[in-house]
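A short write-up of the structure that comes next.
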Amino acid sequence: MSVTDAPKIVTGRIGFDDSHTLERYLDTGGYDGLRKALTMTPEAVAHEVDTASLLGRGGAGFPAGRKWAMLRKNPVTYLVVNGDESEPATFKDHLLVERDPHQLIEGVLIAAYALQVSQVFIFIRGEFALGLERVQGALNDAYSTGAVGRDIFGSGFSVDVVVHPGAGAYICGEETALLESLEGKRGFPRIKPPFFPAAIGLYGEPTVVNNVETMSNLPWIVLNGGAAFAALGEGRSTGTRLFALAGHVNNPGVFEIEMVKTTFDDLINAPVLGGGIPHGRGLKAFIPGGVSAPWFGPDQIDLPLGQDEVAGAGSMLGSGSVVVMDDHTCAVRASWRITKFFSRESCGQCTPCREGSGWLEKIMERIERGHGREEDLDLLLDACDNIAPGLTWPPQQTTICVLGPSIPSSIGSAIRMFRDEFLVHIKEGGCPYE
Amino acid sequence: MSDHVSATPVGTPRRVGAPPPPSHLSADTLARARQIIALYPEARSALIPLCHLAQQEEGWLTAEAMVDIASLVGVTPTEVLGTASFYDMLHTEPVGTYLVAVCTNIACLLNGAGELLEHAETSLGVNAGGTTADGSITLEEAECLADCDRAPCVQVNHRFVGAQSPETFDQLVTDLRAGTRSADIPSHGTLIRVTRTTGLEADRAQVASERAAMADAQKARSAAAEPSPKGGS
Ligand SMILES: Cc1cc2nc3c(=O)[nH]c(=O)nc-3n(C[C@H](O)[C@H](O)[C@H](O)COP(=O)(O)O)c2cc1C
Ligand code: SF4
Ligand code: FES
């Protein structure tokens with residue numbers, strides 16, 4: 001086991017009951033990162049973030065510094081922060097918005113300064129009623145201490161930050177759907193090109209979209225320097241990262257872990273982390289990065305928690321959520337539930353996604369309930385192939401956004417790893433685990 | 001719960017230049033609505049926040065409320081309905097006093113959410129999506145609510161109440177009906193306790209001109225700078 005004692009970059013304050021208050025924040029170095037950033041040039045701040053090699057924490061893992069650099073030549077109008085967090089089993093941003101809203105706001109202000117943006121929107125999932133209260137409350141306090149608003153900390157830089165509530169739609173986590181929603185419309189993803197947010201974003205203006213966790217790393221990076229961040233982790237996966245661990249583990253929760261230095265085995269089994277699988281059961285499979293990611297089996301448990309390492313093994317680290325399934329789990333039921341999620345959340349614009357997810361869900365339900373046929377397995381794979389031709393990883397895209405091509409991951413994994421279980425359902429006319 | 005019929009059917013186009021229809025929103029809600037609209041460069045962006053706000057009054061979006069929202073943000077009532085109907089949290093039909101959402105997505109499923117939902121349906125006597133006869137509870141089967149380490153996850157009016165077993169669930173329902181949870185679980189509408197008390201305190205035109213000046217300065221700087229340094233390791 002190797003659980004490193006890397007610094008807690010974004011969860012350092014979580015141990016305090018009053019971690020969300022301005023008093024606690026100021027007592028623990030709060031807004032020092034912003035004060036320091038304001039003494040630097042915007043380019044120098046952006047350069048630190050570039051040096052840190054901070055990979056976006058929203059799912060795609062694109063380096064934040066590089067995203068900003070693309071925009072350094074033509075000015076950005078809006079910064080939009082993605083706090084929609086609806087990917088199943090992902091709950092790290094939930095922690096950050098409820099427990100350390102000032103850290104998020106400070107990060108946002110640093111980014112706004114680096115990008116020279118004077119209008120920011122923080123989009124927070126509507127179901128986070130307490131999170132919305134906490135962030136708005138923190139923002140009110142930040143305004144009164146002069147950290148936000150006109151001429152912040154006497155620097156001459158002015159910025160307005162608005163907290164915007166979502167209204168319950170997974171697809172609004174996709175950045176262009178989020179922008180549509182922020183414009184007061186249905187959350188329909190936009191076609192890229194031409195609607196890359198950096199070119200044609202909110203109200204048609206160049207826009208940067210970054211995740212809540214990505215932003216929350218910035219105060220530390222500015223205070224300690226990008227190089228200190230890059231010294232943690234390995235390769236492209238630098239720094240620490242939040243992993244949300246759930247499913248069949250003794251100690252589920254959000255853990256801040258140094259990238260690459262720790263393995264899935266450590267995360268699931270180390271006593272200070274997941275604490276192992278309950279009831280002395282064995283590991284059947286785990287999902288390494290959100291329900292869009294292909295599953296791994298016990299053979300992959302020694303893989304390090306690094307973006308390229310997981311990608312190289314045929315899946316993705318995605319949103320940093322790990323779901324553990326013990327050896328009493330029904331693979332058919334698990335993949336059916338995930339498919340049902342996609343079917344419910346497809347926005348409906350693209351035929352392969354809308355129709356495909358609906359049919360896949362129906363066939364999966366039929367198998368789980370004991371009315372399946374042997375041909376159903378080929379039918380499932382054929383439907384998956386129609387959504388993402390070739391069933392490769394990463395998947396081919398036939399649709400406007402990547403929700404569609406993510407649908408086959410769970411079914412493809414379940415059939416590949418547990419084909420026998422599907423056949424037992426079919427031959428015995430029901431779920432053997434019930 | 002409201003059962004009145006809309007005076008202005010949703011979909012009735014508003015003539016350009018016609019006076020806005022009389023407001024069905026309370027004076028307080030209306031004042032907050034105007035404050036929210038002022039936060040955005042374009043009024044339509046306030047559409048969803050205003051739907052949340054309007055839902056605070058009766059838990060759902062009445063046709064009258066949608067007419068009011070439409071006139072406040074400058075779209076037709078049909079556009080409000082068309083947008084609202086996309087979102088799970090915006091209700092265009094009446095709901096109970098308490099919206100009880102049971103997540104059955106993967107992490108909760110692995111921890112007994114299927115059984116919990118079945119129990120809830122039996123003990124409340126409604127299927128997911130239904131409202132109890134006394135109008136107190138609407139049961140929902142939810143997608144992941146991002147509280148997966150406290151599984152199976154339940155929310156009441158979008159407040160997390162922690163993992164529930166069939167027994168604690170029944171107690172929760174009893175408490176809700178008895179009104180003993182009303183302090184920590186306010187009525188619908190996630191914005192109910194969210195108030196922006198301060199703002200930029202400058203007009204938009206001034207901020208826009210400052211932004212233009214910042215942009216010019218930035219352009220000048222990047223023109224003067226070397227090719228931007230390559231990052232990464
Ligand atoms: C279907 C779908 C859902 C997504 N959901 C989220 C989300 O909830 N939160 C998030 O930050 N990014 C989400 N993303 C990724 C965003 O589109 C975007 O890449 C991200 O917000 C960029 O921020 P980052 O570079 O800081 O990661 C989602 C993408 C897709 C395709
Ligand atoms: S892939 Fe699915 S969710 Fe994405 S735009 Fe198409 S229909 Fe909508
Ligand atoms: S899976 Fe139920 S809250 Fe996340």
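Following the order of the structure tokens, chains are lettered A, B, ..., residues in each are numbered from 1, and ligands are numbered from 1.
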
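These are the residues of region 256-383 of chain A assigned strand (DSSP E) by DSSP from backbone coordinates: Glu256, Ile257, Glu258, Leu283, Lys284, Ala285, Phe286, Ile287, Ser321, Val322, Val323, Val324, Met325 and Asp326 of chain A.
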
Selection file, all heavy atoms, as a tab-separated table (two decimals), in the first residue's frame:
```tsv
chain	number	residue	atom	x	y	z
A	256	GLU	N	-8.85	13.04	-0.92
A	256	GLU	CA	-7.88	13.79	-1.71
A	256	GLU	C	-6.58	12.99	-1.76
A	256	GLU	O	-5.97	12.70	-0.72
A	256	GLU	CB	-7.63	15.18	-1.13
A	256	GLU	CG	-6.63	15.95	-1.98
A	256	GLU	CD	-6.51	17.43	-1.63
A	256	GLU	OE1	-7.29	17.93	-0.80
A	256	GLU	OE2	-5.62	18.07	-2.22
A	257	ILE	N	-6.15	12.64	-2.96
A	257	ILE	CA	-5.06	11.69	-3.13
A	257	ILE	C	-4.06	12.22	-4.15
A	257	ILE	O	-4.45	12.85	-5.13
A	257	ILE	CB	-5.65	10.34	-3.62
A	257	ILE	CG1	-6.42	9.68	-2.49
A	257	ILE	CG2	-4.59	9.41	-4.16
A	257	ILE	CD1	-7.16	8.44	-2.91
A	258	GLU	N	-2.80	11.96	-3.90
A	258	GLU	CA	-1.78	12.37	-4.86
A	258	GLU	C	-1.93	11.52	-6.12
A	258	GLU	O	-2.01	10.30	-6.06
A	258	GLU	CB	-0.38	12.19	-4.26
A	258	GLU	CG	0.72	12.69	-5.19
A	258	GLU	CD	2.11	12.63	-4.56
A	258	GLU	OE1	2.23	12.22	-3.39
A	258	GLU	OE2	3.06	13.01	-5.27
A	283	LEU	N	-14.02	-8.81	-4.68
A	283	LEU	CA	-14.28	-7.77	-5.67
A	283	LEU	C	-14.73	-8.41	-6.97
A	283	LEU	O	-14.08	-9.30	-7.50
A	283	LEU	CB	-13.00	-6.95	-5.90
A	283	LEU	CG	-13.06	-5.91	-7.02
A	283	LEU	CD1	-13.98	-4.76	-6.66
A	283	LEU	CD2	-11.66	-5.38	-7.33
A	284	LYS	N	-15.84	-7.92	-7.48
A	284	LYS	CA	-16.32	-8.42	-8.78
A	284	LYS	C	-15.84	-7.50	-9.90
A	284	LYS	O	-15.25	-7.93	-10.88
A	284	LYS	CB	-17.84	-8.48	-8.79
A	284	LYS	CG	-18.42	-8.92	-10.12
A	284	LYS	CD	-19.90	-9.24	-9.95
A	284	LYS	CE	-20.46	-9.88	-11.21
A	284	LYS	NZ	-21.63	-10.69	-10.88
A	285	ALA	N	-16.09	-6.22	-9.76
A	285	ALA	CA	-15.71	-5.24	-10.77
A	285	ALA	C	-15.75	-3.86	-10.14
A	285	ALA	O	-16.32	-3.69	-9.06
A	285	ALA	CB	-16.70	-5.29	-11.94
A	286	PHE	N	-15.12	-2.89	-10.81
A	286	PHE	CA	-15.27	-1.51	-10.35
A	286	PHE	C	-15.30	-0.57	-11.54
A	286	PHE	O	-14.77	-0.88	-12.61
A	286	PHE	CB	-14.19	-1.11	-9.34
A	286	PHE	CG	-12.77	-1.17	-9.85
A	286	PHE	CD1	-12.12	-0.01	-10.28
A	286	PHE	CD2	-12.06	-2.37	-9.89
A	286	PHE	CE1	-10.80	-0.05	-10.74
A	286	PHE	CE2	-10.75	-2.42	-10.36
A	286	PHE	CZ	-10.12	-1.27	-10.78
A	287	ILE	N	-15.97	0.54	-11.34
A	287	ILE	CA	-16.05	1.54	-12.40
A	287	ILE	C	-15.05	2.63	-12.04
A	287	ILE	O	-15.14	3.23	-10.97
A	287	ILE	CB	-17.47	2.14	-12.51
A	287	ILE	CG1	-18.52	1.03	-12.51
A	287	ILE	CG2	-17.59	2.99	-13.76
A	287	ILE	CD1	-19.96	1.53	-12.55
A	321	SER	N	-14.85	9.37	-10.02
A	321	SER	CA	-15.73	8.62	-9.13
A	321	SER	C	-15.48	7.14	-9.34
A	321	SER	O	-15.45	6.66	-10.47
A	321	SER	CB	-17.19	8.96	-9.39
A	321	SER	OG	-17.70	8.23	-10.46
A	322	VAL	N	-15.30	6.42	-8.25
A	322	VAL	CA	-14.99	5.00	-8.31
A	322	VAL	C	-16.12	4.24	-7.62
A	322	VAL	O	-16.45	4.53	-6.46
A	322	VAL	CB	-13.63	4.70	-7.64
A	322	VAL	CG1	-13.33	3.20	-7.67
A	322	VAL	CG2	-12.52	5.50	-8.34
A	323	VAL	N	-16.73	3.30	-8.34
A	323	VAL	CA	-17.83	2.52	-7.78
A	323	VAL	C	-17.39	1.07	-7.67
A	323	VAL	O	-16.96	0.47	-8.65
A	323	VAL	CB	-19.09	2.61	-8.66
A	323	VAL	CG1	-20.22	1.79	-8.05
A	323	VAL	CG2	-19.52	4.04	-8.85
A	324	VAL	N	-17.50	0.53	-6.47
A	324	VAL	CA	-17.04	-0.83	-6.21
A	324	VAL	C	-18.24	-1.78	-6.18
A	324	VAL	O	-19.25	-1.51	-5.51
A	324	VAL	CB	-16.31	-0.89	-4.85
A	324	VAL	CG1	-15.83	-2.31	-4.57
A	324	VAL	CG2	-15.15	0.09	-4.83
A	325	MET	N	-18.12	-2.91	-6.89
A	325	MET	CA	-19.18	-3.92	-6.86
A	325	MET	C	-18.60	-5.21	-6.30
A	325	MET	O	-17.60	-5.72	-6.81
A	325	MET	CB	-19.69	-4.17	-8.27
A	325	MET	CG	-20.33	-2.95	-8.91
A	325	MET	SD	-21.00	-3.32	-10.54
A	325	MET	CE	-20.02	-2.24	-11.57
A	326	ASP	N	-19.23	-5.74	-5.25
A	326	ASP	CA	-18.73	-6.98	-4.67
A	326	ASP	C	-19.22	-8.19	-5.46
A	326	ASP	O	-20.00	-8.04	-6.41
A	326	ASP	CB	-19.10	-7.06	-3.18
A	326	ASP	CG	-20.58	-7.34	-2.94
A	326	ASP	OD1	-21.27	-7.81	-3.86
A	326	ASP	OD2	-21.04	-7.10	-1.80
```

*asked:* When DSSP is applied to the backbone of this structure, which of region 75-145 of chain A are assigned alpha helix (DSSP H)? Write them out as a ChimeraX atom specification.
replied: /A:92-99,101-115,129-144

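Excluding region 119-128 of chain A itself and same-chain residues fewer than 2 positions from it, the residues having an atom within 7 Å of it are A:Tyr78, A:Leu79, A:Val80, A:Val81, A:Asn82, A:Gly83, A:Asp84, A:Glu85, A:Val117, A:Leu130, A:Gly131, A:Leu132, A:Val159, A:Asp160, A:Val161, A:Val162, A:Val163, A:His164, A:Pro165, A:Gly166, A:Ala167, A:Gly168, B:His158, B:Thr190, counting only C-alpha atoms.
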
Would you export the selected residues with N, CA, C and O atoms as a compact mmCIF listing (two decimals), in the first residue's frame, please?
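Writing done, so here's out_1.txt:
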```txt
# COMPACT_ATOMS: atom_id res chain seq x y z
N TYR A 78 -16.65 35.96 -20.74
CA TYR A 78 -17.27 35.37 -19.56
C TYR A 78 -16.48 34.17 -19.05
O TYR A 78 -15.89 33.42 -19.82
N LEU A 79 -16.50 34.03 -17.73
CA LEU A 79 -16.02 32.81 -17.10
C LEU A 79 -17.24 32.13 -16.48
O LEU A 79 -18.02 32.77 -15.77
N VAL A 80 -17.42 30.86 -16.81
CA VAL A 80 -18.56 30.11 -16.28
C VAL A 80 -18.02 28.91 -15.52
O VAL A 80 -17.17 28.17 -16.02
N VAL A 81 -18.48 28.73 -14.30
CA VAL A 81 -17.99 27.64 -13.48
C VAL A 81 -19.04 26.53 -13.44
O VAL A 81 -20.22 26.79 -13.18
N ASN A 82 -18.57 25.32 -13.73
CA ASN A 82 -19.47 24.18 -13.86
C ASN A 82 -19.58 23.44 -12.53
O ASN A 82 -18.69 22.70 -12.13
N GLY A 83 -20.70 23.66 -11.85
CA GLY A 83 -20.98 22.96 -10.59
C GLY A 83 -22.25 22.15 -10.74
O GLY A 83 -23.06 22.07 -9.82
N ASP A 84 -22.42 21.54 -11.91
CA ASP A 84 -23.66 20.79 -12.15
C ASP A 84 -23.60 19.40 -11.53
O ASP A 84 -24.63 18.82 -11.19
N GLU A 85 -22.42 18.86 -11.43
CA GLU A 85 -22.17 17.54 -10.83
C GLU A 85 -23.36 16.58 -10.78
O GLU A 85 -24.00 16.41 -9.74
N VAL A 117 -11.51 38.82 -16.97
CA VAL A 117 -12.94 38.73 -17.19
C VAL A 117 -13.65 39.48 -16.07
O VAL A 117 -13.26 39.35 -14.91
N LEU A 130 -28.56 23.46 -0.12
CA LEU A 130 -27.64 23.99 0.89
C LEU A 130 -26.38 24.55 0.22
O LEU A 130 -25.86 25.61 0.63
N GLY A 131 -25.89 23.88 -0.80
CA GLY A 131 -24.71 24.36 -1.52
C GLY A 131 -24.94 25.75 -2.11
O GLY A 131 -24.09 26.63 -2.03
N LEU A 132 -26.12 25.95 -2.69
CA LEU A 132 -26.45 27.26 -3.25
C LEU A 132 -26.47 28.32 -2.16
O LEU A 132 -25.96 29.42 -2.34
N VAL A 159 -14.85 42.90 -10.69
CA VAL A 159 -15.46 41.68 -11.20
C VAL A 159 -16.77 41.41 -10.45
O VAL A 159 -16.87 41.66 -9.25
N ASP A 160 -17.76 40.95 -11.21
CA ASP A 160 -19.04 40.58 -10.61
C ASP A 160 -19.23 39.08 -10.74
O ASP A 160 -18.92 38.51 -11.79
N VAL A 161 -19.70 38.46 -9.68
CA VAL A 161 -19.91 37.01 -9.69
C VAL A 161 -21.37 36.73 -9.36
O VAL A 161 -21.90 37.26 -8.38
N VAL A 162 -22.00 35.92 -10.20
CA VAL A 162 -23.41 35.59 -10.00
C VAL A 162 -23.55 34.08 -9.82
O VAL A 162 -22.97 33.31 -10.58
N VAL A 163 -24.31 33.70 -8.79
CA VAL A 163 -24.57 32.28 -8.55
C VAL A 163 -25.87 31.92 -9.27
O VAL A 163 -26.89 32.58 -9.08
N HIS A 164 -25.79 30.90 -10.12
CA HIS A 164 -26.96 30.53 -10.93
C HIS A 164 -27.39 29.10 -10.63
O HIS A 164 -26.58 28.19 -10.71
N PRO A 165 -28.67 28.88 -10.30
CA PRO A 165 -29.13 27.53 -9.98
C PRO A 165 -29.54 26.74 -11.22
O PRO A 165 -30.19 27.27 -12.11
N GLY A 166 -29.14 25.48 -11.27
CA GLY A 166 -29.66 24.58 -12.29
C GLY A 166 -31.06 24.14 -11.90
O GLY A 166 -31.60 24.55 -10.86
N ALA A 167 -31.66 23.26 -12.73
CA ALA A 167 -33.03 22.87 -12.43
C ALA A 167 -33.28 21.39 -12.64
O ALA A 167 -34.41 20.97 -12.85
N GLY A 168 -32.22 20.59 -12.58
CA GLY A 168 -32.42 19.16 -12.67
C GLY A 168 -32.37 18.63 -14.08
O GLY A 168 -33.40 18.42 -14.70
N HIS B 158 -35.29 18.90 -1.70
CA HIS B 158 -33.90 19.15 -2.08
C HIS B 158 -32.95 19.40 -0.91
O HIS B 158 -31.89 19.99 -1.06
N THR B 190 -35.35 26.03 -4.50
CA THR B 190 -34.04 25.96 -3.87
C THR B 190 -33.52 27.34 -3.49
O THR B 190 -32.55 27.44 -2.77
```

_Interface, chain A side, toward chain B (6 Å; only C-alpha atoms) as a ChimeraX atom specification_ = /A:50-51,53,75,88-91,127,129,133,140,149,160,167-169,182-186,246-247,252-253

Any chance you could export the current selection's N, CA and C atoms as a short mmCIF file (atom, residue, chain, number, x, y, z; two decimals), in the first residue's frame?
```cif
data_model
loop_
_atom_site.label_atom_id
_atom_site.label_comp_id
_atom_site.auth_asym_id
_atom_site.auth_seq_id
_atom_site.Cartn_x
_atom_site.Cartn_y
_atom_site.Cartn_z
N ASP A 50 -0.38 27.17 -15.91
CA ASP A 50 0.18 26.38 -17.00
C ASP A 50 1.31 25.47 -16.48
N THR A 51 2.17 26.04 -15.67
CA THR A 51 3.28 25.27 -15.09
C THR A 51 2.77 24.14 -14.20
N SER A 53 0.28 22.39 -14.67
CA SER A 53 -0.31 21.33 -15.50
C SER A 53 -1.59 20.81 -14.86
N PRO A 75 -9.51 38.31 -26.24
CA PRO A 75 -10.05 38.42 -24.89
C PRO A 75 -11.32 37.60 -24.67
N PRO A 88 -23.45 10.06 -12.29
CA PRO A 88 -23.72 9.16 -11.17
C PRO A 88 -22.47 8.75 -10.39
N ALA A 89 -22.59 8.77 -9.09
CA ALA A 89 -21.55 8.40 -8.14
C ALA A 89 -20.41 9.41 -8.05
N THR A 90 -20.62 10.60 -8.61
CA THR A 90 -19.65 11.68 -8.46
C THR A 90 -20.20 12.65 -7.42
N PHE A 91 -19.44 12.87 -6.34
CA PHE A 91 -19.98 13.77 -5.30
C PHE A 91 -18.90 14.61 -4.64
N GLU A 127 -30.35 20.86 -7.24
CA GLU A 127 -30.64 19.99 -6.09
C GLU A 127 -29.72 20.27 -4.91
N ALA A 129 -29.51 22.53 -2.61
CA ALA A 129 -30.12 23.69 -1.97
C ALA A 129 -29.17 24.31 -0.95
N GLU A 133 -27.04 27.97 -1.01
CA GLU A 133 -27.08 28.91 0.11
C GLU A 133 -25.68 29.27 0.59
N ASN A 140 -21.75 36.88 -0.56
CA ASN A 140 -22.16 38.11 0.11
C ASN A 140 -21.06 38.60 1.05
N GLY A 149 -16.30 42.51 -6.49
CA GLY A 149 -17.00 43.76 -6.75
C GLY A 149 -16.08 44.76 -7.41
N ASP A 160 -17.76 40.95 -11.21
CA ASP A 160 -19.04 40.58 -10.61
C ASP A 160 -19.23 39.08 -10.74
N ALA A 167 -31.66 23.26 -12.73
CA ALA A 167 -33.03 22.87 -12.43
C ALA A 167 -33.28 21.39 -12.64
N GLY A 168 -32.22 20.59 -12.58
CA GLY A 168 -32.42 19.16 -12.67
C GLY A 168 -32.37 18.63 -14.08
N ALA A 169 -31.17 18.44 -14.60
CA ALA A 169 -30.96 17.83 -15.92
C ALA A 169 -29.48 17.50 -16.02
N LEU A 182 -28.08 28.42 -19.05
CA LEU A 182 -27.78 29.72 -18.45
C LEU A 182 -28.42 30.86 -19.25
N GLU A 183 -28.70 30.60 -20.51
CA GLU A 183 -29.40 31.60 -21.31
C GLU A 183 -30.91 31.47 -21.17
N GLY A 184 -31.35 30.57 -20.28
CA GLY A 184 -32.78 30.44 -20.02
C GLY A 184 -33.50 29.53 -20.98
N LYS A 185 -32.76 28.56 -21.55
CA LYS A 185 -33.38 27.66 -22.52
C LYS A 185 -33.27 26.21 -22.07
N ARG A 186 -33.83 25.31 -22.88
CA ARG A 186 -33.64 23.88 -22.64
C ARG A 186 -32.17 23.55 -22.75
N ALA A 246 -17.59 5.04 -3.81
CA ALA A 246 -18.91 4.62 -3.36
C ALA A 246 -19.19 3.19 -3.78
N GLY A 247 -20.35 2.69 -3.42
CA GLY A 247 -20.72 1.31 -3.72
C GLY A 247 -20.41 0.43 -2.54
N PRO A 252 -17.09 4.64 2.44
CA PRO A 252 -17.24 5.46 1.23
C PRO A 252 -17.01 6.93 1.56
N GLY A 253 -16.64 7.72 0.57
CA GLY A 253 -16.43 9.15 0.82
C GLY A 253 -15.56 9.77 -0.25
#
```

_Let me see if you get this right: every residue at most 9 Å from ligand 2, counting only C-alpha atoms and all ligand atoms, written as a PyMOL selection string._
chain A and resi 170-171+174+177+187-191+342-343+345-355+357+397-406

*Skipping near chain neighbours, those fewer than 6 positions away, what residues fall within 12 Å of region 139-141 of chain B using only C-alpha atoms, listed as a VMD selection string?*
(chain A and resid 340 to 341 344) or (chain B and resid 88 to 89 95 to 105 108 to 109 113 to 114 116 to 133 152 to 158 173)

Just the selected residues (N, CA and C atoms), exported as a short mmCIF file (atom, residue, chain, number, x, y, z; two decimals), in the first residue's frame, please.
```cif
data_model
loop_
_atom_site.label_atom_id
_atom_site.label_comp_id
_atom_site.auth_asym_id
_atom_site.auth_seq_id
_atom_site.Cartn_x
_atom_site.Cartn_y
_atom_site.Cartn_z
N LYS A 340 -30.64 2.83 -17.91
CA LYS A 340 -31.87 3.57 -17.64
C LYS A 340 -31.58 5.05 -17.37
N PHE A 341 -30.48 5.28 -16.67
CA PHE A 341 -30.07 6.67 -16.41
C PHE A 341 -29.86 7.43 -17.71
N ARG A 344 -33.08 8.13 -19.50
CA ARG A 344 -33.84 9.23 -18.90
C ARG A 344 -33.21 10.58 -19.17
N ASP B 88 -36.29 18.49 -14.52
CA ASP B 88 -36.94 17.65 -13.51
C ASP B 88 -37.44 18.44 -12.30
N MET B 89 -36.76 19.52 -11.95
CA MET B 89 -37.14 20.22 -10.73
C MET B 89 -38.28 21.21 -10.92
N VAL B 95 -47.73 19.40 -6.88
CA VAL B 95 -46.98 18.39 -6.13
C VAL B 95 -47.34 18.52 -4.65
N GLY B 96 -46.97 17.51 -3.87
CA GLY B 96 -47.26 17.54 -2.44
C GLY B 96 -46.43 18.58 -1.71
N THR B 97 -46.77 18.78 -0.43
CA THR B 97 -46.02 19.74 0.39
C THR B 97 -44.55 19.34 0.46
N TYR B 98 -44.32 18.04 0.56
CA TYR B 98 -42.94 17.56 0.61
C TYR B 98 -42.66 16.65 -0.58
N LEU B 99 -41.58 16.97 -1.28
CA LEU B 99 -41.13 16.19 -2.41
C LEU B 99 -40.06 15.25 -1.87
N VAL B 100 -40.39 13.97 -1.80
CA VAL B 100 -39.44 13.01 -1.25
C VAL B 100 -38.80 12.24 -2.41
N ALA B 101 -37.51 12.45 -2.59
CA ALA B 101 -36.82 11.84 -3.72
C ALA B 101 -35.89 10.73 -3.23
N VAL B 102 -36.08 9.53 -3.77
CA VAL B 102 -35.22 8.40 -3.44
C VAL B 102 -34.33 8.12 -4.65
N CYS B 103 -33.03 8.22 -4.45
CA CYS B 103 -32.11 7.92 -5.55
C CYS B 103 -31.96 6.42 -5.70
N THR B 104 -32.08 5.93 -6.93
CA THR B 104 -31.86 4.50 -7.17
C THR B 104 -30.71 4.27 -8.14
N ASN B 105 -29.90 5.29 -8.35
CA ASN B 105 -28.78 5.12 -9.28
C ASN B 105 -27.70 4.22 -8.65
N CYS B 108 -26.40 3.91 -4.96
CA CYS B 108 -27.52 3.66 -4.05
C CYS B 108 -28.13 2.30 -4.31
N LEU B 109 -28.23 1.92 -5.59
CA LEU B 109 -28.76 0.60 -5.95
C LEU B 109 -27.96 -0.49 -5.23
N ALA B 113 -31.19 0.63 -2.55
CA ALA B 113 -32.16 1.66 -2.94
C ALA B 113 -33.40 1.08 -3.60
N GLY B 114 -33.23 -0.02 -4.34
CA GLY B 114 -34.39 -0.63 -5.00
C GLY B 114 -35.40 -1.07 -3.96
N LEU B 116 -35.60 0.06 -0.88
CA LEU B 116 -36.13 1.22 -0.16
C LEU B 116 -37.27 1.86 -0.95
N LEU B 117 -37.08 2.00 -2.26
CA LEU B 117 -38.14 2.61 -3.08
C LEU B 117 -39.40 1.75 -3.04
N GLU B 118 -39.22 0.44 -3.13
CA GLU B 118 -40.38 -0.46 -3.06
C GLU B 118 -41.13 -0.27 -1.74
N HIS B 119 -40.34 -0.21 -0.67
CA HIS B 119 -40.94 0.00 0.65
C HIS B 119 -41.71 1.32 0.69
N ALA B 120 -41.08 2.37 0.16
CA ALA B 120 -41.71 3.70 0.18
C ALA B 120 -43.02 3.67 -0.59
N GLU B 121 -43.02 2.99 -1.73
CA GLU B 121 -44.25 2.92 -2.53
C GLU B 121 -45.36 2.22 -1.75
N THR B 122 -44.97 1.13 -1.09
CA THR B 122 -45.99 0.38 -0.34
C THR B 122 -46.48 1.20 0.85
N SER B 123 -45.54 1.76 1.61
CA SER B 123 -45.99 2.40 2.85
C SER B 123 -46.73 3.72 2.55
N LEU B 124 -46.40 4.39 1.45
CA LEU B 124 -47.11 5.63 1.13
C LEU B 124 -48.36 5.36 0.30
N GLY B 125 -48.40 4.17 -0.30
CA GLY B 125 -49.57 3.84 -1.13
C GLY B 125 -49.60 4.55 -2.46
N VAL B 126 -48.45 4.97 -2.95
CA VAL B 126 -48.38 5.59 -4.29
C VAL B 126 -47.18 5.03 -5.03
N ASN B 127 -47.23 5.05 -6.34
CA ASN B 127 -46.05 4.71 -7.13
C ASN B 127 -45.15 5.94 -7.23
N ALA B 128 -43.89 5.70 -7.58
CA ALA B 128 -42.99 6.83 -7.79
C ALA B 128 -43.63 7.77 -8.80
N GLY B 129 -43.61 9.05 -8.49
CA GLY B 129 -44.25 10.04 -9.35
C GLY B 129 -45.61 10.46 -8.80
N GLY B 130 -46.15 9.68 -7.87
CA GLY B 130 -47.48 9.97 -7.35
C GLY B 130 -47.46 10.81 -6.08
N THR B 131 -48.62 11.37 -5.75
CA THR B 131 -48.78 12.18 -4.54
C THR B 131 -49.79 11.49 -3.63
N THR B 132 -49.50 11.48 -2.34
CA THR B 132 -50.41 10.81 -1.39
C THR B 132 -51.75 11.54 -1.35
N ALA B 133 -52.78 10.81 -0.96
CA ALA B 133 -54.14 11.35 -1.00
C ALA B 133 -54.27 12.62 -0.15
N PRO B 152 -28.72 4.27 0.84
CA PRO B 152 -29.45 4.94 -0.24
C PRO B 152 -29.84 6.38 0.13
N CYS B 153 -29.62 7.26 -0.81
CA CYS B 153 -29.76 8.70 -0.58
C CYS B 153 -31.20 9.15 -0.75
N VAL B 154 -31.65 9.97 0.19
CA VAL B 154 -32.99 10.55 0.12
C VAL B 154 -32.88 12.06 0.29
N GLN B 155 -33.67 12.78 -0.50
CA GLN B 155 -33.78 14.23 -0.34
C GLN B 155 -35.24 14.59 -0.10
N VAL B 156 -35.47 15.57 0.77
CA VAL B 156 -36.82 16.11 0.94
C VAL B 156 -36.76 17.59 0.58
N ASN B 157 -37.56 17.99 -0.38
CA ASN B 157 -37.51 19.37 -0.90
C ASN B 157 -36.06 19.81 -1.14
N HIS B 158 -35.29 18.90 -1.70
CA HIS B 158 -33.90 19.15 -2.08
C HIS B 158 -32.95 19.40 -0.91
N VAL B 173 -41.27 10.15 7.34
CA VAL B 173 -42.59 10.50 6.79
C VAL B 173 -43.53 10.95 7.92
#
```

*asked:* When you look at Thr392 (chain A) with a cut-off of 12 Å (counting only C-alpha atoms), what residues show up, excluding the ones that are within fewer than 6 positions of it in the same chain? I need them as a ChimeraX atom specification.
replied: /A:294,314-315,384-385,405-406,408-409,412-413
